[in-house]
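A.B. asks: File run_6.csv below, CSV, C-alpha atoms:
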```csv
chain,number,residue,atom,x,y,z
A,18,MET,CA,3.7,-8.9,9.2
A,19,SER,CA,6.7,-6.6,9.1
A,20,ASP,CA,5.2,-3.1,9.3
A,21,PHE,CA,2.1,-1.9,11.2
A,22,LYS,CA,3.5,1.5,11.9
A,23,GLY,CA,0.8,4.2,12.1
A,24,ARG,CA,-2.0,1.6,12.7
A,25,HIS,CA,-4.2,2.1,15.8
A,26,PHE,CA,-4.7,-1.6,16.1
A,27,GLU,CA,-2.4,-4.5,16.8
A,28,GLY,CA,-1.1,-6.4,13.8
A,29,GLU,CA,-2.9,-9.5,14.8
A,30,ILE,CA,-6.3,-7.7,14.7
A,31,VAL,CA,-5.5,-6.2,11.3
A,32,LEU,CA,-4.6,-9.6,9.9
A,33,TRP,CA,-7.7,-11.3,11.4
A,34,ALA,CA,-9.9,-8.7,9.6
A,35,VAL,CA,-8.1,-9.1,6.3
A,36,ARG,CA,-8.2,-12.8,6.5
A,37,TRP,CA,-11.9,-13.0,7.4
A,38,TYR,CA,-12.8,-10.6,4.5
A,39,CYS,CA,-10.8,-12.6,2.0
A,40,ARG,CA,-11.9,-16.0,3.2
A,41,TYR,CA,-15.6,-15.8,3.8
A,42,GLY,CA,-17.0,-13.4,1.2
A,43,ILE,CA,-18.7,-10.8,3.4
A,44,SER,CA,-19.2,-7.1,2.9
A,45,TYR,CA,-17.0,-4.5,4.6
A,46,ARG,CA,-20.0,-3.3,6.6
A,47,ASP,CA,-20.9,-6.8,7.8
A,48,LEU,CA,-17.3,-7.3,8.9
A,49,GLU,CA,-17.4,-3.9,10.7
A,50,GLN,CA,-20.3,-5.3,12.7
A,51,MET,CA,-18.6,-8.6,13.4
A,52,MET,CA,-15.5,-6.8,14.7
A,53,ALA,CA,-17.7,-4.6,16.9
A,54,GLU,CA,-19.3,-7.7,18.4
A,55,ARG,CA,-15.8,-8.8,19.4
A,56,GLY,CA,-15.1,-5.4,21.1
A,57,VAL,CA,-13.1,-3.9,18.2
A,58,SER,CA,-14.6,-0.6,16.9
A,59,VAL,CA,-13.3,0.0,13.4
A,60,ASP,CA,-14.9,1.7,10.4
A,61,HIS,CA,-15.5,-0.4,7.3
A,62,SER,CA,-13.5,2.1,5.2
A,63,THR,CA,-10.5,1.4,7.5
A,64,ILE,CA,-10.9,-2.4,6.8
A,65,TYR,CA,-11.0,-1.6,3.1
A,66,ARG,CA,-7.6,0.1,3.4
A,67,TRP,CA,-6.2,-2.8,5.4
A,68,VAL,CA,-7.3,-5.2,2.7
A,69,GLN,CA,-5.7,-3.1,-0.1
A,70,LYS,CA,-2.4,-2.9,1.7
A,71,TYR,CA,-2.1,-6.3,3.4
A,72,ALA,CA,-3.9,-8.8,1.1
A,73,PRO,CA,-1.2,-8.5,-1.6
A,74,GLU,CA,1.5,-8.8,1.1
A,75,ILE,CA,0.0,-12.0,2.4
A,76,GLU,CA,-0.2,-13.4,-1.1
A,77,LYS,CA,3.4,-12.4,-1.7
A,78,ARG,CA,4.6,-14.0,1.5
A,79,LEU,CA,2.7,-17.3,1.2
A,80,ARG,CA,3.1,-17.6,-2.6
A,81,TRP,CA,6.1,-20.0,-2.4
A,82,GLN,CA,4.1,-22.2,-0.1
A,83,TRP,CA,0.9,-22.7,-1.9
A,84,ARG,CA,2.1,-22.4,-5.5
A,85,CYS,CA,3.1,-26.1,-5.9
A,86,PRO,CA,1.1,-27.9,-8.6
A,87,ARG,CA,0.5,-31.6,-7.9
A,88,SER,CA,0.1,-32.5,-11.5
A,89,THR,CA,1.7,-31.6,-14.9
A,90,SER,CA,-1.7,-31.5,-16.5
A,91,TRP,CA,-3.1,-27.9,-16.1
A,92,ARG,CA,-6.5,-26.4,-16.7
A,93,VAL,CA,-6.6,-22.8,-17.8
A,94,GLY,CA,-9.8,-20.7,-18.2
A,95,GLU,CA,-11.1,-17.2,-17.6
A,96,THR,CA,-14.0,-15.5,-16.0
A,97,ASP,CA,-15.0,-11.9,-16.5
A,98,GLY,CA,-16.5,-9.1,-14.5
A,99,LYS,CA,-16.9,-5.3,-14.4
A,100,VAL,CA,-14.1,-3.1,-13.2
A,101,GLY,CA,-14.9,0.6,-13.2
A,102,GLY,CA,-17.8,0.0,-15.5
A,103,ARG,CA,-15.7,-1.9,-18.1
A,104,TRP,CA,-15.2,-5.6,-18.6
A,105,ALA,CA,-12.0,-7.2,-17.2
A,106,TYR,CA,-10.8,-10.8,-17.6
A,107,LEU,CA,-9.5,-13.0,-14.8
A,108,CYS,CA,-7.5,-15.8,-16.3
A,109,ARG,CA,-6.8,-18.7,-13.9
A,110,ALA,CA,-4.8,-21.9,-13.9
A,111,VAL,CA,-5.4,-25.0,-11.8
A,112,ASP,CA,-4.0,-28.5,-11.9
A,113,LYS,CA,-6.3,-31.4,-12.7
A,114,HIS,CA,-6.9,-31.8,-9.0
A,115,GLY,CA,-8.2,-28.3,-8.7
A,116,ASN,CA,-5.2,-26.8,-6.9
A,117,THR,CA,-4.6,-23.2,-7.7
A,118,ILE,CA,-1.4,-22.6,-9.8
A,119,ASP,CA,-1.7,-18.9,-10.7
A,120,PHE,CA,-4.0,-16.1,-11.9
A,121,HIS,CA,-3.9,-12.8,-13.8
A,122,LEU,CA,-6.4,-10.0,-14.1
A,123,SER,CA,-6.3,-7.9,-17.4
A,124,PRO,CA,-8.6,-5.5,-19.2
A,125,THR,CA,-8.2,-7.5,-22.4
A,126,ARG,CA,-8.8,-11.2,-23.1
A,127,SER,CA,-5.8,-11.6,-25.3
A,128,THR,CA,-3.4,-10.1,-22.8
A,129,ALA,CA,-4.8,-12.3,-20.0
A,130,ALA,CA,-4.4,-15.4,-22.2
A,131,LYS,CA,-0.7,-14.7,-22.7
A,132,ARG,CA,0.3,-13.2,-19.4
A,133,LEU,CA,-1.3,-16.0,-17.3
A,134,PRO,CA,0.8,-18.9,-18.7
A,135,SER,CA,3.9,-16.7,-18.7
A,136,LYS,CA,3.4,-15.8,-15.1
A,137,ALA,CA,2.4,-19.3,-14.0
A,138,LEU,CA,5.5,-20.9,-15.6
A,139,ASN,CA,7.9,-18.4,-14.0
A,140,GLY,CA,10.0,-19.9,-11.3
A,141,PHE,CA,9.1,-23.5,-11.8
A,142,LYS,CA,11.7,-26.3,-12.2
A,143,LYS,CA,11.7,-28.3,-15.4
A,144,TRP,CA,9.9,-31.2,-13.8
A,145,GLU,CA,7.2,-28.9,-12.5
A,146,THR,CA,6.3,-27.4,-15.9
A,147,PRO,CA,3.1,-28.7,-17.6
A,148,THR,CA,3.1,-31.5,-20.1
A,149,VAL,CA,-0.5,-30.5,-21.1
A,150,ILE,CA,-2.4,-27.2,-20.9
A,151,ASN,CA,-6.1,-27.7,-21.4
A,152,THR,CA,-8.3,-24.8,-22.4
A,153,ASP,CA,-11.7,-24.2,-23.8
A,154,LYS,CA,-12.3,-23.4,-27.5
A,155,ALA,CA,-11.5,-19.7,-27.0
A,156,PRO,CA,-9.4,-18.6,-30.0
A,157,THR,CA,-7.0,-16.5,-27.8
A,158,TYR,CA,-5.1,-19.4,-26.1
A,159,GLY,CA,-3.6,-21.1,-29.2
A,160,PRO,CA,-1.7,-18.0,-30.5
A,161,ALA,CA,-0.7,-17.0,-27.0
A,162,LEU,CA,0.9,-20.4,-26.2
A,163,ALA,CA,2.5,-20.5,-29.6
A,164,GLU,CA,4.0,-17.1,-29.0
A,165,LEU,CA,5.3,-18.1,-25.6
A,166,LYS,CA,7.0,-21.2,-27.1
A,167,ALA,CA,8.6,-19.0,-29.8
A,168,GLU,CA,10.0,-16.8,-26.9
A,169,SER,CA,11.2,-19.9,-25.1
A,170,ARG,CA,9.0,-19.1,-22.1
A,171,CYS,CA,6.9,-22.3,-22.5
A,172,PRO,CA,8.4,-25.7,-23.1
A,173,GLU,CA,8.2,-26.8,-26.8
A,174,GLU,CA,6.9,-30.3,-25.7
A,175,THR,CA,3.9,-28.8,-23.8
A,176,VAL,CA,0.7,-29.9,-25.6
A,177,HIS,CA,-2.2,-27.5,-26.0
A,178,ARG,CA,-5.4,-29.4,-25.7
A,179,GLN,CA,-8.9,-28.0,-26.2
A,180,VAL,CA,-11.4,-30.3,-24.6
A,181,LYS,CA,-14.2,-28.3,-23.0
A,182,TYR,CA,-15.5,-30.9,-20.5
A,183,LEU,CA,-11.9,-31.3,-19.0
A,184,ASN,CA,-12.1,-27.6,-18.0
A,185,ASN,CA,-15.0,-28.3,-15.6
A,186,VAL,CA,-12.5,-28.3,-12.8
A,187,VAL,CA,-11.4,-24.7,-13.3
A,188,GLU,CA,-15.0,-23.6,-14.2
A,189,ALA,CA,-16.2,-25.0,-10.9
A,190,ASP,CA,-13.4,-23.2,-9.1
A,191,HIS,CA,-14.4,-19.9,-10.9
A,192,GLY,CA,-17.8,-20.3,-9.3
A,193,LYS,CA,-16.5,-20.6,-5.8
A,194,LEU,CA,-14.2,-17.6,-6.3
A,195,LYS,CA,-17.2,-15.5,-7.5
A,196,GLN,CA,-19.0,-16.3,-4.3
A,197,LEU,CA,-16.3,-14.3,-2.6
A,198,ILE,CA,-16.3,-11.5,-5.2
A,199,ARG,CA,-20.1,-11.0,-5.3
A,200,PRO,CA,-20.4,-9.1,-1.9
A,201,VAL,CA,-17.9,-6.5,-3.3
A,202,ARG,CA,-20.5,-5.3,-5.7
A,203,GLY,CA,-18.0,-4.2,-8.3
A,204,PHE,CA,-14.5,-2.8,-8.3
A,205,LYS,CA,-13.7,0.8,-9.1
A,206,THR,CA,-10.2,0.4,-10.5
A,207,LEU,CA,-8.0,-2.5,-11.8
A,208,LYS,CA,-5.5,-1.8,-9.0
A,209,THR,CA,-8.0,-2.3,-6.2
A,210,ALA,CA,-9.5,-5.3,-8.0
A,211,CYS,CA,-6.0,-6.9,-8.3
A,212,ALA,CA,-5.2,-6.3,-4.6
A,213,THR,CA,-8.5,-7.8,-3.4
A,214,ILE,CA,-8.4,-10.8,-5.7
A,215,LYS,CA,-4.9,-11.6,-4.5
A,216,GLY,CA,-6.4,-12.0,-1.0
A,217,PHE,CA,-9.3,-14.1,-2.3
A,218,GLU,CA,-7.1,-16.4,-4.3
A,219,VAL,CA,-4.6,-17.1,-1.5
A,220,MET,CA,-7.3,-17.8,1.0
A,221,ARG,CA,-9.0,-20.1,-1.6
A,222,ALA,CA,-5.7,-21.9,-2.0
A,223,LEU,CA,-5.3,-22.4,1.7
A,224,ARG,CA,-8.9,-23.5,2.1
A,225,LYS,CA,-8.3,-26.2,-0.5
A,226,GLY,CA,-5.4,-27.5,1.6
A,227,GLN,CA,-2.5,-26.0,-0.3
A,228,ALA,CA,0.5,-25.2,1.8
A,229,SER,CA,-0.9,-27.4,4.6
A,230,SER,CA,2.5,-29.0,5.1
A,231,PHE,CA,3.7,-25.5,6.4
A,232,ASN,CA,0.7,-25.3,8.8
A,233,ILE,CA,1.9,-27.3,11.8
A,234,THR,CA,-1.3,-27.1,13.7
A,235,ARG,CA,-3.5,-27.5,10.6
A,236,ASP,CA,-6.0,-24.9,11.8
A,237,MET,CA,-6.9,-21.2,11.3
A,238,ARG,CA,-4.3,-20.0,13.8
A,239,GLY,CA,-1.6,-21.8,11.8
A,240,GLU,CA,-2.6,-19.9,8.7
A,241,LEU,CA,-2.4,-16.6,10.6
A,242,ARG,CA,1.1,-17.5,12.0
A,243,ASP,CA,2.3,-18.3,8.4
A,244,ALA,CA,1.0,-14.9,7.3
A,245,GLN,CA,2.8,-13.1,10.1
A,246,ARG,CA,6.2,-14.7,9.5
A,247,ARG,CA,8.9,-12.7,7.8
A,248,ARG,CA,10.0,-14.1,4.4
```
Produce structure tokens that represent the structure in this file.
C.D. replies:
Amino acid sequence: MSDFKGRHFEGEIVLWAVRWYCRYGISYRDLEQMMAERGVSVDHSTIYRWVQKYAPEIEKRLRWQWRCPRSTSWRVGETDGKVGGRWAYLCRAVDKHGNTIDFHLSPTRSTAAKRLPSKALNGFKKWETPTVINTDKAPTYGPALAELKAESRCPEETVHRQVKYLNNVVEADHGKLKQLIRPVRGFKTLKTACATIKGFEVMRALRKGQASSFNITRDMRGELRDAQRRR
């Protein structure tokens, strides 16, 4: 990682803490105790600040590695949760094999339905764009995809298919992500929720084997080395 100025701990220790929190679904207080058992005395509030600063940076640096769909058949769905006492919607896209493609958190369902496909399609080559986007029966996806096609941000030939059982792949992936979110016990702001979820999502992608071709040793230390590299 490029900049640990002002930190009282070595960069590797900071990254280990951020990575453990985002990968294993534990509370900040439990992680504080785990660090103490390893001879590192750090307050849980400090770990929280580390996650807010470095989880988005890790996602940004590793994004080009793990964001490689292995199929042009995508599954798009949403899951919801409370942020600051209000409902927010996390829209997510995976390919038919369950590999994470992209995600977007929004305070409104309609915005999430449009921003997620637009964000997911950004930067892909023509042969990487989906031939099929499968969603559930939610009425927000049809108009959102039609609008994106009209704006030339989604290929005209992309088929929107609404077959509920085909979305079992993304629904199952929602459940595994929620196992990581549950110990948080709620987010206070959309900003902190976005930062934390970015860490959860990239660790989920790595755990599923995405970006494994860049991990020479194919182990936890390889993931850490990838996170530490400059872009």
A.B. asks: Quick one: pull the distance between CA of Lys136 in chain A and CA of Glu168 in chain A, Å, one decimal.
C.D. replies: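 Between CA of Lys136 in chain A and CA of Glu168 in chain A the gap works out to 13.6 Å.
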A.B. asks: Give the answer as one residue: which of A:Trp144, A:Arg132, A:Arg92, A:Leu79 has the shortest atom-to-atom distance to Tyr182 in chain A, using all atoms listed in the file?
C.D. replies: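 Closest to Tyr182 in chain A, using all atoms listed in the file: A:Arg92.
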A.B. asks: Separation of CA of Ala212 in chain A and CA of Ala72 in chain A, in Å?
C.D. replies: 6.4 Å
A.B. asks: Which residues come within 9 Å of Gly42 in chain A, counting all atoms listed in the file, excluding same-chain residues fewer than 4 positions away, as an MDAnalysis selection string?
C.D. replies: chainID A and resid 37:38 195:201 217
A.B. asks: Could you give me, as a tab-separated table, every range 131-248 of chain A residue with an atom at most 10 Å from range 60-68 of chain A, plus its closest atom pair and distance in Å to one decimal, counting all atoms listed in the file, rows ordered by chain then number?
C.D. replies:
```
residue	atom	partner	partner_atom	distance
A:Thr209	CA	A:Val68	CA	9.4
A:Ala212	CA	A:Val68	CA	7.7
A:Thr213	CA	A:Val68	CA	6.7
A:Lys215	CA	A:Val68	CA	9.9
A:Gly216	CA	A:Val68	CA	7.8
```
A.B. asks: Which polymer residues have any atom within 8 Å of an atom of Gln82 in chain A, counting all atoms listed in the file, with same-chain residues fewer than 3 positions away left out, as a PyMOL selection string?
C.D. replies: chain A and resi 79+85+227-228+231
A.B. asks: How far is it from CA of Ser58 in chain A to CA of Glu27 in chain A, in Å with one decimal?
C.D. replies: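 So the answer is 12.8 Å.
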